[in-house]
Amino acid sequence: MDQPHIEPPQGGKGEEQETRERILAAASQLMAKKGYKGATTRKISELAGVNEVTIFRHFKNKETILEELLKGILNIRQQLENHLHGEYSELREMLRRYAHGYYGMLVERKEILMICMIEADNHPEVIKLFSSVPVTAVEVLCSKLQQFQDQGHLPKKDSFTAALMFVSTFFYAFMAKHRINLALDLDEEQLVENACDILINGITDKQN
């Protein structure tokens with residue numbers, strides 16, 4: 001079977017930066033499918049369309065490639081907070097935006113998250129990064145729910161549990177589809193609306 005082709009990055013980046021990004025893209029694809037050991041530098045170079053020597057000109061070793069890939073998880077707090085930036089007149093509006101942003105972020109980082117799961121036993125530090133994704137998502141949403149409470153828009157109920165249940169819905173939907181490969185008839189819009197209904201009804205004791 002032919003290997004998938006890594007397209008060169010578009011834009012005004014220099015040739016060296018484009019080569020570096022092709023190497024990272026190839027490594028990400030291979031590690032997500034074959035694991036760290038299975039993604040040899042030879043296979044990475046073939047998929048990236050570069051000489052193996054070129055890899056070591058950009059990266060000290062394969063470990064540093066993995067470390068660079070995992071950096072993609074470290075900026076999630078800012079990205080999640082950006083989804084909640086601004087004022088919201090309705091709780092449902094805020095929850096919809098957050099749900100779509102969070103689920104989209106998981107899909108966008110699918111390969112990196114798969115690498116974390118595959119390499120959890122061999123690289124214990126990556127499981128901390130992996131677990132930081134849902135934990136951070138809960139913290140950010142919990143903080144926003146508390147703002148609604150402080151402003152008198154929500155009753156003073158357990159915002160942490162509400163945020164935990166909401167975030168878990170999308171995290172496990174992502175896992176079921178992309179890791180366990182369950183044959184789910186997943187309608188993202190309906191999932192968002194149902195999750196919003198459950199949180200709103202639970203925290204306000206009424207239909208919004």
# chains A, B, ... in the order shown; residues from 1 in each chain; ligands from 1

call {"tool": "closest_atom_pairs", "arguments": {"of": "range 37-104 of chain A", "to": "range 127-138 of chain A", "cutoff": "8 Å", "atoms": "only C-alpha atoms", "output": "Markdown table"}}
result
| residue | atom | partner | partner_atom | distance |
| --- | --- | --- | --- | --- |
| A:Leu70 | CA | A:Leu129 | CA | 7.8 |
| A:Ile73 | CA | A:Leu129 | CA | 6.9 |
| A:Leu74 | CA | A:Leu129 | CA | 7.6 |
| A:Ile76 | CA | A:Val133 | CA | 7.2 |
| A:Arg77 | CA | A:Thr136 | CA | 6.3 |
| A:Leu80 | CA | A:Ala137 | CA | 7.0 |
| A:Tyr102 | CA | A:Ala137 | CA | 7.5 |

call {"tool": "write_last_selection", "arguments": {"atoms": "C-alpha atoms", "output": "PDB file, in the first residue's frame"}}
result
ATOM      1  CA  LEU A  70       3.736  16.970  22.427  1.00  0.00           C
ATOM      2  CA  ILE A  73      -1.016  19.952  23.863  1.00  0.00           C
ATOM      3  CA  LEU A  74       0.525  22.618  26.057  1.00  0.00           C
ATOM      4  CA  ILE A  76      -4.886  24.305  25.126  1.00  0.00           C
ATOM      5  CA  ARG A  77      -5.843  26.552  28.052  1.00  0.00           C
ATOM      6  CA  LEU A  80     -10.185  27.124  25.273  1.00  0.00           C
ATOM      7  CA  TYR A 102     -13.396  21.767  22.654  1.00  0.00           C
TER       8      TYR A 102
END

call {"tool": "residues_around", "arguments": {"residues": "Leu106 in chain A", "least_positions_apart": "5", "cutoff": "9 Å", "atoms": "only C-alpha atoms", "output": "PyMOL selection string"}}
result
chain A and resi 101+113+133+170-171+174

call {"tool": "residues_around", "arguments": {"residues": "Lys156 in chain A", "least_positions_apart": "6", "cutoff": "9 Å", "atoms": "only C-alpha atoms", "output": "PyMOL selection string"}}
result
chain A and resi 146+149-150+203

call {"tool": "select_by_dssp", "arguments": {"residues": "range 71-206 of chain A", "states": "alpha helix (DSSP H)", "output": "compact mmCIF listing (two decimals) with C-alpha atoms, in the first residue's frame"}}
result
# COMPACT_ATOMS: atom_id res chain seq x y z
CA ILE A 76 -4.89 24.30 25.13
CA ARG A 77 -5.84 26.55 28.05
CA GLN A 78 -5.42 29.72 26.02
CA GLN A 79 -7.28 28.23 23.08
CA LEU A 80 -10.19 27.12 25.27
CA GLU A 81 -10.35 30.50 27.00
CA ASN A 82 -10.46 32.16 23.59
CA HIS A 83 -13.63 30.21 22.82
CA LEU A 91 -25.85 30.08 29.11
CA ARG A 92 -26.76 27.87 26.15
CA GLU A 93 -24.97 30.17 23.71
CA MET A 94 -21.78 29.94 25.77
CA LEU A 95 -22.03 26.17 26.15
CA ARG A 96 -22.57 25.62 22.43
CA ARG A 97 -19.50 27.65 21.55
CA TYR A 98 -17.38 25.90 24.14
CA ALA A 99 -18.54 22.42 23.13
CA HIS A 100 -17.79 22.95 19.45
CA GLY A 101 -14.45 24.53 20.28
CA TYR A 102 -13.40 21.77 22.65
CA TYR A 103 -14.46 18.88 20.42
CA GLY A 104 -12.84 20.55 17.42
CA MET A 105 -9.63 20.96 19.41
CA LEU A 106 -9.61 17.24 20.22
CA VAL A 107 -10.07 16.29 16.57
CA GLU A 108 -7.40 18.78 15.51
CA LYS A 110 -6.10 13.60 17.20
CA GLU A 111 -2.71 12.25 16.14
CA ILE A 112 -0.91 13.75 19.12
CA LEU A 113 -3.51 12.35 21.53
CA MET A 114 -3.24 8.91 19.91
CA ILE A 115 0.54 9.05 20.39
CA CYS A 116 0.01 9.84 24.08
CA MET A 117 -2.23 6.81 24.53
CA ILE A 118 0.09 4.47 22.65
CA PRO A 124 5.12 8.08 31.61
CA GLU A 125 5.40 11.84 31.21
CA VAL A 126 3.05 11.82 28.22
CA ILE A 127 0.11 10.49 30.24
CA LYS A 128 0.31 13.66 32.33
CA LEU A 129 0.03 15.72 29.17
CA PHE A 130 -2.84 13.56 27.93
CA SER A 131 -4.80 13.85 31.18
CA SER A 132 -4.20 17.60 31.24
CA VAL A 133 -6.49 18.01 28.22
CA PRO A 134 -9.83 17.13 29.90
CA VAL A 135 -8.68 18.50 33.27
CA THR A 136 -7.89 21.89 31.76
CA ALA A 137 -11.17 21.89 29.83
CA VAL A 138 -13.09 21.28 33.06
CA GLU A 139 -11.22 24.04 34.90
CA VAL A 140 -11.87 26.61 32.16
CA LEU A 141 -15.59 25.80 31.90
CA CYS A 142 -16.00 25.66 35.68
CA SER A 143 -14.52 29.15 35.96
CA LYS A 144 -16.97 30.48 33.36
CA LEU A 145 -19.94 28.86 35.09
CA GLN A 146 -18.86 30.47 38.35
CA GLN A 147 -18.85 33.84 36.59
CA PHE A 148 -22.46 33.25 35.58
CA GLN A 149 -23.22 32.39 39.20
CA ASP A 150 -21.45 35.49 40.54
CA SER A 159 -20.27 24.11 38.95
CA PHE A 160 -17.32 21.69 39.01
CA THR A 161 -19.50 18.59 38.66
CA ALA A 162 -21.55 20.28 35.94
CA ALA A 163 -18.38 21.17 34.01
CA LEU A 164 -16.93 17.68 34.53
CA MET A 165 -20.01 15.94 33.13
CA PHE A 166 -20.24 18.34 30.18
CA VAL A 167 -16.58 17.99 29.19
CA SER A 168 -16.64 14.21 29.69
CA THR A 169 -19.45 13.89 27.16
CA PHE A 170 -17.27 15.23 24.37
CA PHE A 171 -14.03 13.64 25.53
CA TYR A 172 -15.52 10.16 25.54
CA ALA A 173 -17.40 10.76 22.29
CA PHE A 174 -14.03 11.63 20.75
CA MET A 175 -12.38 8.55 22.28
CA ALA A 176 -15.18 6.25 21.14
CA LYS A 177 -14.98 7.47 17.57
CA HIS A 178 -11.24 7.94 17.08
CA GLU A 188 -22.17 16.52 16.67
CA GLU A 189 -24.91 19.15 16.63
CA GLN A 190 -27.36 16.86 18.39
CA LEU A 191 -24.72 15.81 20.90
CA VAL A 192 -24.05 19.46 21.71
CA GLU A 193 -27.74 20.26 22.16
CA ASN A 194 -28.34 17.21 24.35
CA ALA A 195 -25.32 17.98 26.53
CA CYS A 196 -26.49 21.58 26.88
CA ASP A 197 -29.97 20.41 27.89
CA ILE A 198 -28.58 18.09 30.56
CA LEU A 199 -26.30 20.72 32.09
CA ILE A 200 -28.87 23.52 31.97
CA ASN A 201 -31.69 21.40 33.38
CA GLY A 202 -29.43 20.04 36.10
CA ILE A 203 -27.98 23.34 37.23
CA THR A 204 -31.13 25.48 36.92

call {"tool": "atom_distance", "arguments": {"atom1": "CA of Met31 in chain A", "atom2": "CA of Leu69 in chain A"}}
result
10.2 Å

call {"tool": "atom_distance", "arguments": {"atom1": "CA of Arg42 in chain A", "atom2": "CA of Arg179 in chain A"}}
result
26.2 Å

call {"tool": "atom_distance", "arguments": {"atom1": "CA of Ser45 in chain A", "atom2": "CA of Ile23 in chain A"}}
result
7.0 Å

call {"tool": "residues_around", "arguments": {"residues": "Gly38 in chain A", "least_positions_apart": "2", "cutoff": "12 Å", "atoms": "only C-alpha atoms", "output": "ChimeraX atom specification"}}
result
/A:27-36,40-44,62,115,118-119

call {"tool": "residues_around", "arguments": {"residues": "Glu68 in chain A", "least_positions_apart": "5", "cutoff": "10 Å", "atoms": "only C-alpha atoms", "output": "mmCIF file with all heavy atoms, in the first residue's frame"}}
result
data_model
loop_
_atom_site.group_PDB
_atom_site.id
_atom_site.type_symbol
_atom_site.label_atom_id
_atom_site.label_comp_id
_atom_site.auth_asym_id
_atom_site.auth_seq_id
_atom_site.Cartn_x
_atom_site.Cartn_y
_atom_site.Cartn_z
ATOM 1 N N LEU A 24 7.852 16.777 11.051
ATOM 2 C CA LEU A 24 6.944 16.649 12.192
ATOM 3 C C LEU A 24 5.615 16.031 11.777
ATOM 4 O O LEU A 24 5.057 15.190 12.496
ATOM 5 C CB LEU A 24 6.711 18.024 12.830
ATOM 6 C CG LEU A 24 7.888 18.604 13.620
ATOM 7 C CD1 LEU A 24 7.599 20.047 14.014
ATOM 8 C CD2 LEU A 24 8.185 17.762 14.858
ATOM 9 N N PHE A 59 16.633 17.846 14.149
ATOM 10 C CA PHE A 59 16.318 17.321 15.477
ATOM 11 C C PHE A 59 17.480 16.469 15.978
ATOM 12 O O PHE A 59 18.047 15.680 15.219
ATOM 13 C CB PHE A 59 15.037 16.478 15.438
ATOM 14 C CG PHE A 59 13.830 17.235 14.965
ATOM 15 C CD1 PHE A 59 13.452 17.183 13.628
ATOM 16 C CD2 PHE A 59 13.089 18.009 15.842
ATOM 17 C CE1 PHE A 59 12.344 17.886 13.176
ATOM 18 C CE2 PHE A 59 11.983 18.718 15.403
ATOM 19 C CZ PHE A 59 11.611 18.660 14.067
ATOM 20 N N LYS A 62 15.188 11.129 17.781
ATOM 21 C CA LYS A 62 13.746 10.899 17.648
ATOM 22 C C LYS A 62 12.994 11.355 18.893
ATOM 23 O O LYS A 62 11.832 11.769 18.820
ATOM 24 C CB LYS A 62 13.477 9.420 17.360
ATOM 25 C CG LYS A 62 12.062 9.158 16.841
ATOM 26 C CD LYS A 62 11.896 7.756 16.302
ATOM 27 C CE LYS A 62 11.968 6.723 17.393
ATOM 28 N NZ LYS A 62 11.556 5.371 16.928
ATOM 29 N N GLU A 63 13.645 11.288 20.037
ATOM 30 C CA GLU A 63 13.019 11.734 21.284
ATOM 31 C C GLU A 63 12.656 13.215 21.212
ATOM 32 O O GLU A 63 11.583 13.628 21.679
ATOM 33 C CB GLU A 63 13.976 11.493 22.458
ATOM 34 C CG GLU A 63 13.400 11.845 23.816
ATOM 35 C CD GLU A 63 12.435 10.799 24.335
ATOM 36 O OE1 GLU A 63 12.488 9.648 23.871
ATOM 37 O OE2 GLU A 63 11.619 11.148 25.210
#

call {"tool": "decode", "arguments": {"residues": "range 55-81 of chain A", "atoms": "N, CA and C atoms", "output": "PDB file, in the first residue's frame"}}
result
ATOM      1  N   ILE A  55      16.807  14.757   8.844  1.00  0.00           N
ATOM      2  CA  ILE A  55      16.079  14.718  10.116  1.00  0.00           C
ATOM      3  C   ILE A  55      16.989  15.129  11.258  1.00  0.00           C
ATOM      4  N   PHE A  56      18.210  14.590  11.263  1.00  0.00           N
ATOM      5  CA  PHE A  56      19.123  14.860  12.375  1.00  0.00           C
ATOM      6  C   PHE A  56      19.773  16.238  12.267  1.00  0.00           C
ATOM      7  N   ARG A  57      19.591  16.889  11.145  1.00  0.00           N
ATOM      8  CA  ARG A  57      20.020  18.282  11.047  1.00  0.00           C
ATOM      9  C   ARG A  57      19.013  19.199  11.745  1.00  0.00           C
ATOM     10  N   HIS A  58      17.761  18.747  11.787  1.00  0.00           N
ATOM     11  CA  HIS A  58      16.704  19.549  12.414  1.00  0.00           C
ATOM     12  C   HIS A  58      16.417  19.121  13.853  1.00  0.00           C
ATOM     13  N   PHE A  59      16.633  17.846  14.149  1.00  0.00           N
ATOM     14  CA  PHE A  59      16.318  17.321  15.477  1.00  0.00           C
ATOM     15  C   PHE A  59      17.480  16.469  15.978  1.00  0.00           C
ATOM     16  N   LYS A  60      17.791  16.609  17.251  1.00  0.00           N
ATOM     17  CA  LYS A  60      18.916  15.883  17.836  1.00  0.00           C
ATOM     18  C   LYS A  60      18.719  14.378  17.717  1.00  0.00           C
ATOM     19  N   ASN A  61      17.505  13.917  18.002  1.00  0.00           N
ATOM     20  CA  ASN A  61      17.175  12.500  17.906  1.00  0.00           C
ATOM     21  C   ASN A  61      15.657  12.356  17.827  1.00  0.00           C
ATOM     22  N   LYS A  62      15.188  11.129  17.781  1.00  0.00           N
ATOM     23  CA  LYS A  62      13.746  10.899  17.648  1.00  0.00           C
ATOM     24  C   LYS A  62      12.994  11.355  18.893  1.00  0.00           C
ATOM     25  N   GLU A  63      13.645  11.288  20.037  1.00  0.00           N
ATOM     26  CA  GLU A  63      13.019  11.734  21.284  1.00  0.00           C
ATOM     27  C   GLU A  63      12.656  13.215  21.212  1.00  0.00           C
ATOM     28  N   THR A  64      13.526  14.012  20.615  1.00  0.00           N
ATOM     29  CA  THR A  64      13.232  15.446  20.517  1.00  0.00           C
ATOM     30  C   THR A  64      12.088  15.713  19.532  1.00  0.00           C
ATOM     31  N   ILE A  65      11.922  14.827  18.552  1.00  0.00           N
ATOM     32  CA  ILE A  65      10.763  14.952  17.651  1.00  0.00           C
ATOM     33  C   ILE A  65       9.482  14.734  18.447  1.00  0.00           C
ATOM     34  N   LEU A  66       9.471  13.694  19.278  1.00  0.00           N
ATOM     35  CA  LEU A  66       8.301  13.414  20.111  1.00  0.00           C
ATOM     36  C   LEU A  66       8.012  14.591  21.038  1.00  0.00           C
ATOM     37  N   GLU A  67       9.045  15.128  21.653  1.00  0.00           N
ATOM     38  CA  GLU A  67       8.865  16.261  22.563  1.00  0.00           C
ATOM     39  C   GLU A  67       8.258  17.459  21.832  1.00  0.00           C
ATOM     40  N   GLU A  68       8.708  17.684  20.609  1.00  0.00           N
ATOM     41  CA  GLU A  68       8.185  18.801  19.820  1.00  0.00           C
ATOM     42  C   GLU A  68       6.709  18.586  19.487  1.00  0.00           C
ATOM     43  N   LEU A  69       6.350  17.359  19.150  1.00  0.00           N
ATOM     44  CA  LEU A  69       4.953  17.053  18.840  1.00  0.00           C
ATOM     45  C   LEU A  69       4.058  17.266  20.057  1.00  0.00           C
ATOM     46  N   LEU A  70       4.546  16.877  21.214  1.00  0.00           N
ATOM     47  CA  LEU A  70       3.736  16.970  22.427  1.00  0.00           C
ATOM     48  C   LEU A  70       3.501  18.411  22.866  1.00  0.00           C
ATOM     49  N   LYS A  71       4.306  19.330  22.356  1.00  0.00           N
ATOM     50  CA  LYS A  71       4.089  20.737  22.694  1.00  0.00           C
ATOM     51  C   LYS A  71       2.733  21.221  22.205  1.00  0.00           C
ATOM     52  N   GLY A  72       2.173  20.511  21.227  1.00  0.00           N
ATOM     53  CA  GLY A  72       0.869  20.894  20.701  1.00  0.00           C
ATOM     54  C   GLY A  72      -0.248  20.794  21.718  1.00  0.00           C
ATOM     55  N   ILE A  73      -0.005  20.092  22.817  1.00  0.00           N
ATOM     56  CA  ILE A  73      -1.016  19.952  23.863  1.00  0.00           C
ATOM     57  C   ILE A  73      -0.915  21.088  24.883  1.00  0.00           C
ATOM     58  N   LEU A  74       0.246  21.711  24.952  1.00  0.00           N
ATOM     59  CA  LEU A  74       0.525  22.618  26.057  1.00  0.00           C
ATOM     60  C   LEU A  74      -0.215  23.951  25.982  1.00  0.00           C
ATOM     61  N   ASN A  75      -0.731  24.314  24.816  1.00  0.00           N
ATOM     62  CA  ASN A  75      -1.364  25.625  24.678  1.00  0.00           C
ATOM     63  C   ASN A  75      -2.885  25.556  24.705  1.00  0.00           C
ATOM     64  N   ILE A  76      -3.433  24.469  25.229  1.00  0.00           N
ATOM     65  CA  ILE A  76      -4.886  24.305  25.126  1.00  0.00           C
ATOM     66  C   ILE A  76      -5.655  25.271  26.018  1.00  0.00           C
ATOM     67  N   ARG A  77      -5.096  25.660  27.162  1.00  0.00           N
ATOM     68  CA  ARG A  77      -5.843  26.552  28.052  1.00  0.00           C
ATOM     69  C   ARG A  77      -6.173  27.867  27.350  1.00  0.00           C
ATOM     70  N   GLN A  78      -5.183  28.458  26.705  1.00  0.00           N
ATOM     71  CA  GLN A  78      -5.420  29.723  26.020  1.00  0.00           C
ATOM     72  C   GLN A  78      -6.440  29.558  24.902  1.00  0.00           C
ATOM     73  N   GLN A  79      -6.339  28.458  24.175  1.00  0.00           N
ATOM     74  CA  GLN A  79      -7.278  28.226  23.077  1.00  0.00           C
ATOM     75  C   GLN A  79      -8.702  28.061  23.607  1.00  0.00           C
ATOM     76  N   LEU A  80      -8.856  27.321  24.694  1.00  0.00           N
ATOM     77  CA  LEU A  80     -10.185  27.124  25.273  1.00  0.00           C
ATOM     78  C   LEU A  80     -10.744  28.433  25.825  1.00  0.00           C
ATOM     79  N   GLU A  81      -9.898  29.214  26.470  1.00  0.00           N
ATOM     80  CA  GLU A  81     -10.353  30.497  27.002  1.00  0.00           C
ATOM     81  C   GLU A  81     -10.766  31.440  25.879  1.00  0.00           C
TER      82      GLU A  81
END
